[in-house]
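Colleague: What follows is a single structure, and I will ask about it in a moment.
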Number of protein chains: 2
Amino acid sequence: MIPDSLTQGQFDSVYNVLSLAIAAQLFTAIFLIAAQKRVLPRYRQALIVSSIVCGIAAYHYFRIFASFKLAFVTDSVGGKGTYVQAKGESFNEGYRYVDWLLTVPLLLLELIVVLALARKLQKSLLFRLIPASAAMIALGYPGEISHDDTTRLIWGTLSTIPFLYILYVLFIELTKSLDHQPPEVRLIVSRMRILLFATWGVYPIAYLIPVFGLDGGDAWVGKQVGYSVADILAKCLYGLLIYRIARLKSFADDPEFAKTEEHDESAAPAKV
Amino acid sequence: MIPDSLTQGQFDSVYNVLSLAIAAQLFTAIFLIAAQKRVLPRYRQALIVSSIVCGIAAYHYFRIFASFKLAFVTDSVGGKGTYVQAKGESFNEGYRYVDWLLTVPLLLLELIVVLALARKLQKSLLFRLIPASAAMIALGYPGEISHDDTTRLIWGTLSTIPFLYILYVLFIELTKSLDHQPPEVRLIVSRMRILLFATWGVYPIAYLIPVFGLDGGDAWVGKQVGYSVADILAKCLYGLLIYRIARLKSFADDPEFAKTEEHDESAAPAKV
């Protein structure tokens, strides 16, 4: 699964995309903490959770980056520009699952919390979404670490069941409760669900790469790039959309706050 | 006690669970600091202590992780996927006790402080719980580092005495003073005591694994996983429950604060 060797270009691509993920996630985490005062207190919980998600993801990318750097070394036989697996070290493929086990339930928590739904509805949605997302990740893991295609397919299929359930809850059940949201918020929530569907869809594709018989350096590099880009979109872009929702809802809840915070000159109070 | 060799799967399991513990504890610590303003000032002390506990635990897991990484290396004879103990390095088994000696008394402190009991009662409870918990940890240590089953059992038994005393104080004495708490808080305190009992119960089981004659890689990996999961629950989940209590008590104490902070749309003041 892990290629025996990488070219300089392949090595650099993985190095760069892992570092991009660290930078994006770490600074989105800092931004979301720094921007807390820019939403009403009741929406700060969602921002803190978004920040924590990006922080956890950044921590794991530091680990993945370090594992990658140790796992491949320049080959003294192949000469400069060829990397081979280092003796005594191995790249920990299953590692991303530890990250997802923590972050994926929190991503769903953010979305529900920022909508400030009625307490009973919120509880009911979380009570179904969070266990489903944990089950989705946990069921994928045995397939990921297996070298057997059948095992991979069985666990992959099992993992798809909670994934479909999550989509059902988000696209069918949640829609019913969006009536009380301001129109702009409804639009962003729709976009976020599509973002979530599109980015989460990358993971099963990367997961199935070995089953498709794709192997070797390029397939592996493609998988690393795919996972990393999906993580950046699913955590950073997602977190920034949560921030946008929190801002819009703060303005809708409290016109005074909107006046203090808004940039729009035309909306500024006339000078006395 | 420490196995001579580990398979790739065993090595990865320990690696992943130790890193999971770091991520969970570090980010719970950050969350609890970031969320301080979301409770009334009188409950912030409990949140700070919870955060410090998670921070101390994360620090120790960084140490344990580093010690583990140095202690095992790939075996050049056994080939790829076999790890053996590195020459000149050893995994520091007794290390967790340093962590517990600091964190366990603080965990009890959090619980008592967040309840905001009458000052005299609080003092009396802490005066008994904190020395008992320190004695519990200190008495376990000589057994942990011993290779002799009898020694292990003697110190284990001695350590159980303060443990039972702590349970007596929490389940009998504390119950008498819960009457003044809001019903939701009483429920959470009951759950926390069970969480505390269940997670602290994992430690003596892991402690006794060698006495049961279980040995080798799997037993050792099981012990590491057991300790780590227990630590995550006893520190992170426990800290988040403390936060929940602090929130509920803040709302009960100050309806104005509840209004600013509450998410519940149905509970929001009617727009004028």
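For the structure tokens, the naming scheme is as follows: chains receive sequential letters (A, B, ...) according to their order of presentation, residues are indexed from 1 within each chain, and ligands are indexed from 1 in presentation order.
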With a distance cut-off of 6 Å and only C-alpha atoms, select the neighbouring residues of stretch 81-92 of chain B, excluding the residue or stretch itself and same-chain residues fewer than 2 positions from it, and output the selection as an MDAnalysis selection string.
Modeller: chainID B and resid 4:8 67:68 71:75 78 94:95
Colleague: Quick check: residues of chain A within 10 Å of chain B, only C-alpha atoms, returned as an MDAnalysis selection string.
Modeller: chainID A and resid 33 36 40:45 48:49 51:53 55:57 59:60 63 87:90 92:99 101:102 113:122 145 180 253:254
Colleague: Calculated over only C-alpha atoms, which of the candidates A:Gly216, A:Gly140, A:Pro131, A:Pro204 has the smallest distance to A:Leu158?
Modeller: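 The shortest atom-to-atom distance to A:Leu158 comes from A:Gly140.
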Colleague: For A:Ile209, which residue out of A:Ala46, A:Leu153, A:Val14, A:Leu70 is the nearest one, using only C-alpha atoms?
Modeller: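 Looking only at the distances to A:Ile209, the closest residue turns out to be A:Leu153.
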Colleague: Excluding same-chain residues fewer than 5 positions from A:Phe163, what lies within 8 Å of it counting only C-alpha atoms, as an MDAnalysis selection string?
Modeller: chainID A and resid 132:133 136
Colleague: Between atom CA of B:Val39 and atom CA of B:Arg247, what distance in Å does the model show, to one decimal?
Modeller: 5.4 Å
Colleague: Could you pull out the residues in stretch 36-104 of chain A that DSSP calls helix (DSSP H, G or I) from the backbone, as an MDAnalysis selection string?
Modeller: chainID A and resid 36:38 41:71 95:104
Colleague: What lies within 9 Å of B:Trp100 using only C-alpha atoms, ignoring chain neighbours under 5 positions off, as a ChimeraX atom specification?
Modeller: /B:57,105,134,137
Colleague: Excluding stretch 223-231 of chain A and any residue of its chain fewer than 3 positions from it, enumerate the residues within 7 Å of it, using only C-alpha atoms, and give them as a list of chain:residue names.
Modeller: A:Val14, A:Val17, A:Leu18, A:Ala21, A:Thr199, A:Val202, A:Tyr203, A:Ala206, A:Ala219, A:Trp220, A:Ala234, A:Lys235
Colleague: Write the residues you've just listed into a file as a short mmCIF file (atom, residue, chain, number, x, y, z; two decimals), in the first residue's frame, and include all heavy atoms for each of them.
Modeller:
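The resulting file, result12.cif, is shown below:
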data_model
loop_
_atom_site.label_atom_id
_atom_site.label_comp_id
_atom_site.auth_asym_id
_atom_site.auth_seq_id
_atom_site.Cartn_x
_atom_site.Cartn_y
_atom_site.Cartn_z
N VAL A 14 3.70 15.54 -1.51
CA VAL A 14 3.11 15.15 -0.23
C VAL A 14 3.57 16.11 0.87
O VAL A 14 2.76 16.58 1.68
CB VAL A 14 3.49 13.68 0.12
CG1 VAL A 14 2.99 13.30 1.51
CG2 VAL A 14 2.91 12.73 -0.91
N VAL A 17 1.64 19.45 0.52
CA VAL A 17 0.21 19.44 0.84
C VAL A 17 -0.02 19.20 2.33
O VAL A 17 -0.94 19.76 2.93
CB VAL A 17 -0.56 18.43 -0.05
CG1 VAL A 17 -0.45 17.00 0.47
CG2 VAL A 17 -2.04 18.82 -0.16
N LEU A 18 0.85 18.41 2.97
CA LEU A 18 0.71 18.20 4.42
C LEU A 18 0.98 19.50 5.16
O LEU A 18 0.29 19.85 6.12
CB LEU A 18 1.66 17.10 4.91
CG LEU A 18 1.37 15.66 4.45
CD1 LEU A 18 2.43 14.70 4.98
CD2 LEU A 18 -0.01 15.21 4.89
N ALA A 21 -1.89 21.87 4.84
CA ALA A 21 -2.98 21.51 5.76
C ALA A 21 -2.68 22.01 7.17
O ALA A 21 -3.57 22.53 7.84
CB ALA A 21 -3.18 19.99 5.75
N THR A 199 -17.06 16.95 0.38
CA THR A 199 -15.75 16.66 0.97
C THR A 199 -15.75 15.28 1.61
O THR A 199 -14.78 14.54 1.48
CB THR A 199 -15.35 17.73 2.00
OG1 THR A 199 -16.39 17.86 2.98
CG2 THR A 199 -15.11 19.07 1.35
N VAL A 202 -14.96 12.45 -0.69
CA VAL A 202 -13.58 12.19 -1.11
C VAL A 202 -12.98 11.01 -0.33
O VAL A 202 -12.22 10.22 -0.87
CB VAL A 202 -12.69 13.44 -0.89
CG1 VAL A 202 -11.22 13.14 -1.15
CG2 VAL A 202 -13.17 14.58 -1.78
N TYR A 203 -13.37 10.90 0.94
CA TYR A 203 -12.77 9.87 1.79
C TYR A 203 -13.04 8.45 1.26
O TYR A 203 -12.10 7.68 1.11
CB TYR A 203 -13.22 10.02 3.25
CG TYR A 203 -12.89 11.38 3.84
CD1 TYR A 203 -13.88 12.30 4.13
CD2 TYR A 203 -11.55 11.74 4.10
CE1 TYR A 203 -13.57 13.56 4.65
CE2 TYR A 203 -11.25 12.99 4.63
CZ TYR A 203 -12.26 13.90 4.90
OH TYR A 203 -11.96 15.12 5.43
N ALA A 206 -10.83 7.82 -1.81
CA ALA A 206 -9.44 7.54 -1.45
C ALA A 206 -9.31 6.15 -0.80
O ALA A 206 -8.36 5.42 -1.04
CB ALA A 206 -8.92 8.62 -0.51
N ALA A 219 -0.62 6.71 -7.11
CA ALA A 219 -1.89 6.44 -6.43
C ALA A 219 -1.80 6.86 -4.97
O ALA A 219 -2.72 7.47 -4.42
CB ALA A 219 -2.25 4.96 -6.53
N TRP A 220 -0.67 6.54 -4.36
CA TRP A 220 -0.50 6.86 -2.93
C TRP A 220 -0.43 8.37 -2.71
O TRP A 220 -1.05 8.90 -1.79
CB TRP A 220 0.77 6.18 -2.40
CG TRP A 220 0.93 6.33 -0.91
CD1 TRP A 220 0.28 5.62 0.05
CD2 TRP A 220 1.77 7.26 -0.23
NE1 TRP A 220 0.67 6.04 1.30
CE2 TRP A 220 1.58 7.05 1.15
CE3 TRP A 220 2.65 8.26 -0.66
CZ2 TRP A 220 2.25 7.79 2.12
CZ3 TRP A 220 3.32 8.99 0.31
CH2 TRP A 220 3.11 8.77 1.69
N ALA A 234 -13.22 20.52 4.67
CA ALA A 234 -14.22 20.06 5.64
C ALA A 234 -14.01 20.69 7.01
O ALA A 234 -14.93 20.72 7.82
CB ALA A 234 -14.18 18.54 5.75
N LYS A 235 -12.81 21.18 7.29
CA LYS A 235 -12.57 21.79 8.60
C LYS A 235 -12.44 23.30 8.54
O LYS A 235 -13.13 24.01 9.26
CB LYS A 235 -11.35 21.15 9.26
CG LYS A 235 -11.71 19.83 9.90
CD LYS A 235 -10.62 18.81 9.85
CE LYS A 235 -11.20 17.44 10.18
NZ LYS A 235 -10.30 16.38 9.79
#
Colleague: If you count only C-alpha atoms, which residues fall within 9 Å of B:Leu241, apart from same-chain ones fewer than 5 positions away, as JSON, numbers by chain?
Modeller: {"B": [188, 189, 192, 236, 246]}
Colleague: At a cut-off of 12 Å, using only C-alpha atoms, what residues contact A:Arg193? Leave out same-chain residues fewer than 5 positions from it and give the result as a ChimeraX atom specification.
Modeller: /A:107-108,111-112,166-172,174-175,186-188,198-201,234,238,241-242
Colleague: Please report the interatomic distance between atom CA of B:Ala252 and atom CA of A:Ser50 in Å with one decimal.
Modeller: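 Computed distance, atom CA of B:Ala252 to atom CA of A:Ser50, equals 27.3 Å.
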Colleague: In stretch 4-129 of chain B, what's strand (DSSP E or B) per DSSP? Answer as a list in words?
Modeller: Ser5, Leu6, Thr7, Phe72, Val73, Thr74, Thr82, Tyr83, Val84 and Gln85 of chain B
Colleague: Store the residues picked out above in a file with all heavy atoms, as a PDB file, in the first residue's frame.
Modeller:
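Produced file part_11.pdb, reproduced below:
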ATOM      1  N   SER B   5       8.994  -7.909  22.194  1.00  0.00           N
ATOM      2  CA  SER B   5       8.740  -7.431  20.840  1.00  0.00           C
ATOM      3  C   SER B   5       7.266  -7.135  20.629  1.00  0.00           C
ATOM      4  O   SER B   5       6.402  -7.605  21.373  1.00  0.00           O
ATOM      5  CB  SER B   5       9.208  -8.475  19.816  1.00  0.00           C
ATOM      6  OG  SER B   5       8.350  -9.594  19.871  1.00  0.00           O
ATOM      7  N   LEU B   6       6.987  -6.310  19.652  1.00  0.00           N
ATOM      8  CA  LEU B   6       5.613  -5.933  19.288  1.00  0.00           C
ATOM      9  C   LEU B   6       5.444  -6.101  17.788  1.00  0.00           C
ATOM     10  O   LEU B   6       6.381  -5.836  17.023  1.00  0.00           O
ATOM     11  CB  LEU B   6       5.356  -4.460  19.638  1.00  0.00           C
ATOM     12  CG  LEU B   6       5.315  -4.040  21.110  1.00  0.00           C
ATOM     13  CD1 LEU B   6       5.164  -2.526  21.208  1.00  0.00           C
ATOM     14  CD2 LEU B   6       4.174  -4.728  21.841  1.00  0.00           C
ATOM     15  N   THR B   7       4.262  -6.524  17.358  1.00  0.00           N
ATOM     16  CA  THR B   7       3.981  -6.534  15.921  1.00  0.00           C
ATOM     17  C   THR B   7       3.668  -5.109  15.481  1.00  0.00           C
ATOM     18  O   THR B   7       3.420  -4.222  16.308  1.00  0.00           O
ATOM     19  CB  THR B   7       2.764  -7.421  15.588  1.00  0.00           C
ATOM     20  OG1 THR B   7       1.602  -6.804  16.157  1.00  0.00           O
ATOM     21  CG2 THR B   7       2.921  -8.826  16.174  1.00  0.00           C
ATOM     22  N   PHE B  72      10.953   1.374  21.460  1.00  0.00           N
ATOM     23  CA  PHE B  72      10.791   0.293  20.484  1.00  0.00           C
ATOM     24  C   PHE B  72      11.282   0.730  19.102  1.00  0.00           C
ATOM     25  O   PHE B  72      10.936   1.804  18.640  1.00  0.00           O
ATOM     26  CB  PHE B  72       9.324  -0.137  20.394  1.00  0.00           C
ATOM     27  CG  PHE B  72       8.846  -0.853  21.634  1.00  0.00           C
ATOM     28  CD1 PHE B  72       8.218  -0.155  22.656  1.00  0.00           C
ATOM     29  CD2 PHE B  72       9.046  -2.220  21.781  1.00  0.00           C
ATOM     30  CE1 PHE B  72       7.794  -0.813  23.803  1.00  0.00           C
ATOM     31  CE2 PHE B  72       8.631  -2.886  22.926  1.00  0.00           C
ATOM     32  CZ  PHE B  72       8.006  -2.175  23.945  1.00  0.00           C
ATOM     33  N   VAL B  73      12.073  -0.143  18.471  1.00  0.00           N
ATOM     34  CA  VAL B  73      12.546   0.151  17.115  1.00  0.00           C
ATOM     35  C   VAL B  73      12.286  -1.070  16.234  1.00  0.00           C
ATOM     36  O   VAL B  73      12.132  -2.187  16.729  1.00  0.00           O
ATOM     37  CB  VAL B  73      14.054   0.480  17.090  1.00  0.00           C
ATOM     38  CG1 VAL B  73      14.323   1.830  17.722  1.00  0.00           C
ATOM     39  CG2 VAL B  73      14.863  -0.621  17.757  1.00  0.00           C
ATOM     40  N   THR B  74      12.250  -0.833  14.925  1.00  0.00           N
ATOM     41  CA  THR B  74      12.055  -1.958  14.013  1.00  0.00           C
ATOM     42  C   THR B  74      13.236  -2.901  14.122  1.00  0.00           C
ATOM     43  O   THR B  74      14.383  -2.479  14.236  1.00  0.00           O
ATOM     44  CB  THR B  74      11.967  -1.460  12.559  1.00  0.00           C
ATOM     45  OG1 THR B  74      11.174  -0.302  12.544  1.00  0.00           O
ATOM     46  CG2 THR B  74      11.331  -2.503  11.674  1.00  0.00           C
ATOM     47  N   THR B  82       8.165  -5.753  12.696  1.00  0.00           N
ATOM     48  CA  THR B  82       8.421  -6.274  14.031  1.00  0.00           C
ATOM     49  C   THR B  82       9.223  -5.239  14.809  1.00  0.00           C
ATOM     50  O   THR B  82      10.215  -4.714  14.310  1.00  0.00           O
ATOM     51  CB  THR B  82       9.253  -7.573  13.980  1.00  0.00           C
ATOM     52  OG1 THR B  82       8.712  -8.410  12.981  1.00  0.00           O
ATOM     53  CG2 THR B  82       9.219  -8.285  15.325  1.00  0.00           C
ATOM     54  N   TYR B  83       8.764  -4.947  16.016  1.00  0.00           N
ATOM     55  CA  TYR B  83       9.450  -3.957  16.832  1.00  0.00           C
ATOM     56  C   TYR B  83      10.090  -4.654  18.023  1.00  0.00           C
ATOM     57  O   TYR B  83       9.484  -5.548  18.616  1.00  0.00           O
ATOM     58  CB  TYR B  83       8.468  -2.895  17.322  1.00  0.00           C
ATOM     59  CG  TYR B  83       8.050  -1.967  16.220  1.00  0.00           C
ATOM     60  CD1 TYR B  83       7.080  -2.351  15.302  1.00  0.00           C
ATOM     61  CD2 TYR B  83       8.646  -0.726  16.065  1.00  0.00           C
ATOM     62  CE1 TYR B  83       6.698  -1.519  14.266  1.00  0.00           C
ATOM     63  CE2 TYR B  83       8.276   0.122  15.046  1.00  0.00           C
ATOM     64  CZ  TYR B  83       7.300  -0.281  14.147  1.00  0.00           C
ATOM     65  OH  TYR B  83       6.940   0.548  13.127  1.00  0.00           O
ATOM     66  N   VAL B  84      11.310  -4.275  18.354  1.00  0.00           N
ATOM     67  CA  VAL B  84      11.965  -4.820  19.541  1.00  0.00           C
ATOM     68  C   VAL B  84      12.391  -3.670  20.441  1.00  0.00           C
ATOM     69  O   VAL B  84      12.424  -2.511  20.021  1.00  0.00           O
ATOM     70  CB  VAL B  84      13.209  -5.670  19.171  1.00  0.00           C
ATOM     71  CG1 VAL B  84      12.785  -6.913  18.393  1.00  0.00           C
ATOM     72  CG2 VAL B  84      14.215  -4.839  18.400  1.00  0.00           C
ATOM     73  N   GLN B  85      12.702  -3.999  21.691  1.00  0.00           N
ATOM     74  CA  GLN B  85      13.139  -2.957  22.610  1.00  0.00           C
ATOM     75  C   GLN B  85      14.492  -2.403  22.156  1.00  0.00           C
ATOM     76  O   GLN B  85      15.404  -3.159  21.841  1.00  0.00           O
ATOM     77  CB  GLN B  85      13.253  -3.521  24.021  1.00  0.00           C
ATOM     78  CG  GLN B  85      11.894  -3.688  24.680  1.00  0.00           C
ATOM     79  CD  GLN B  85      11.998  -3.884  26.176  1.00  0.00           C
ATOM     80  OE1 GLN B  85      12.797  -3.206  26.836  1.00  0.00           O
ATOM     81  NE2 GLN B  85      11.227  -4.800  26.696  1.00  0.00           N
TER      82      GLN B  85
END
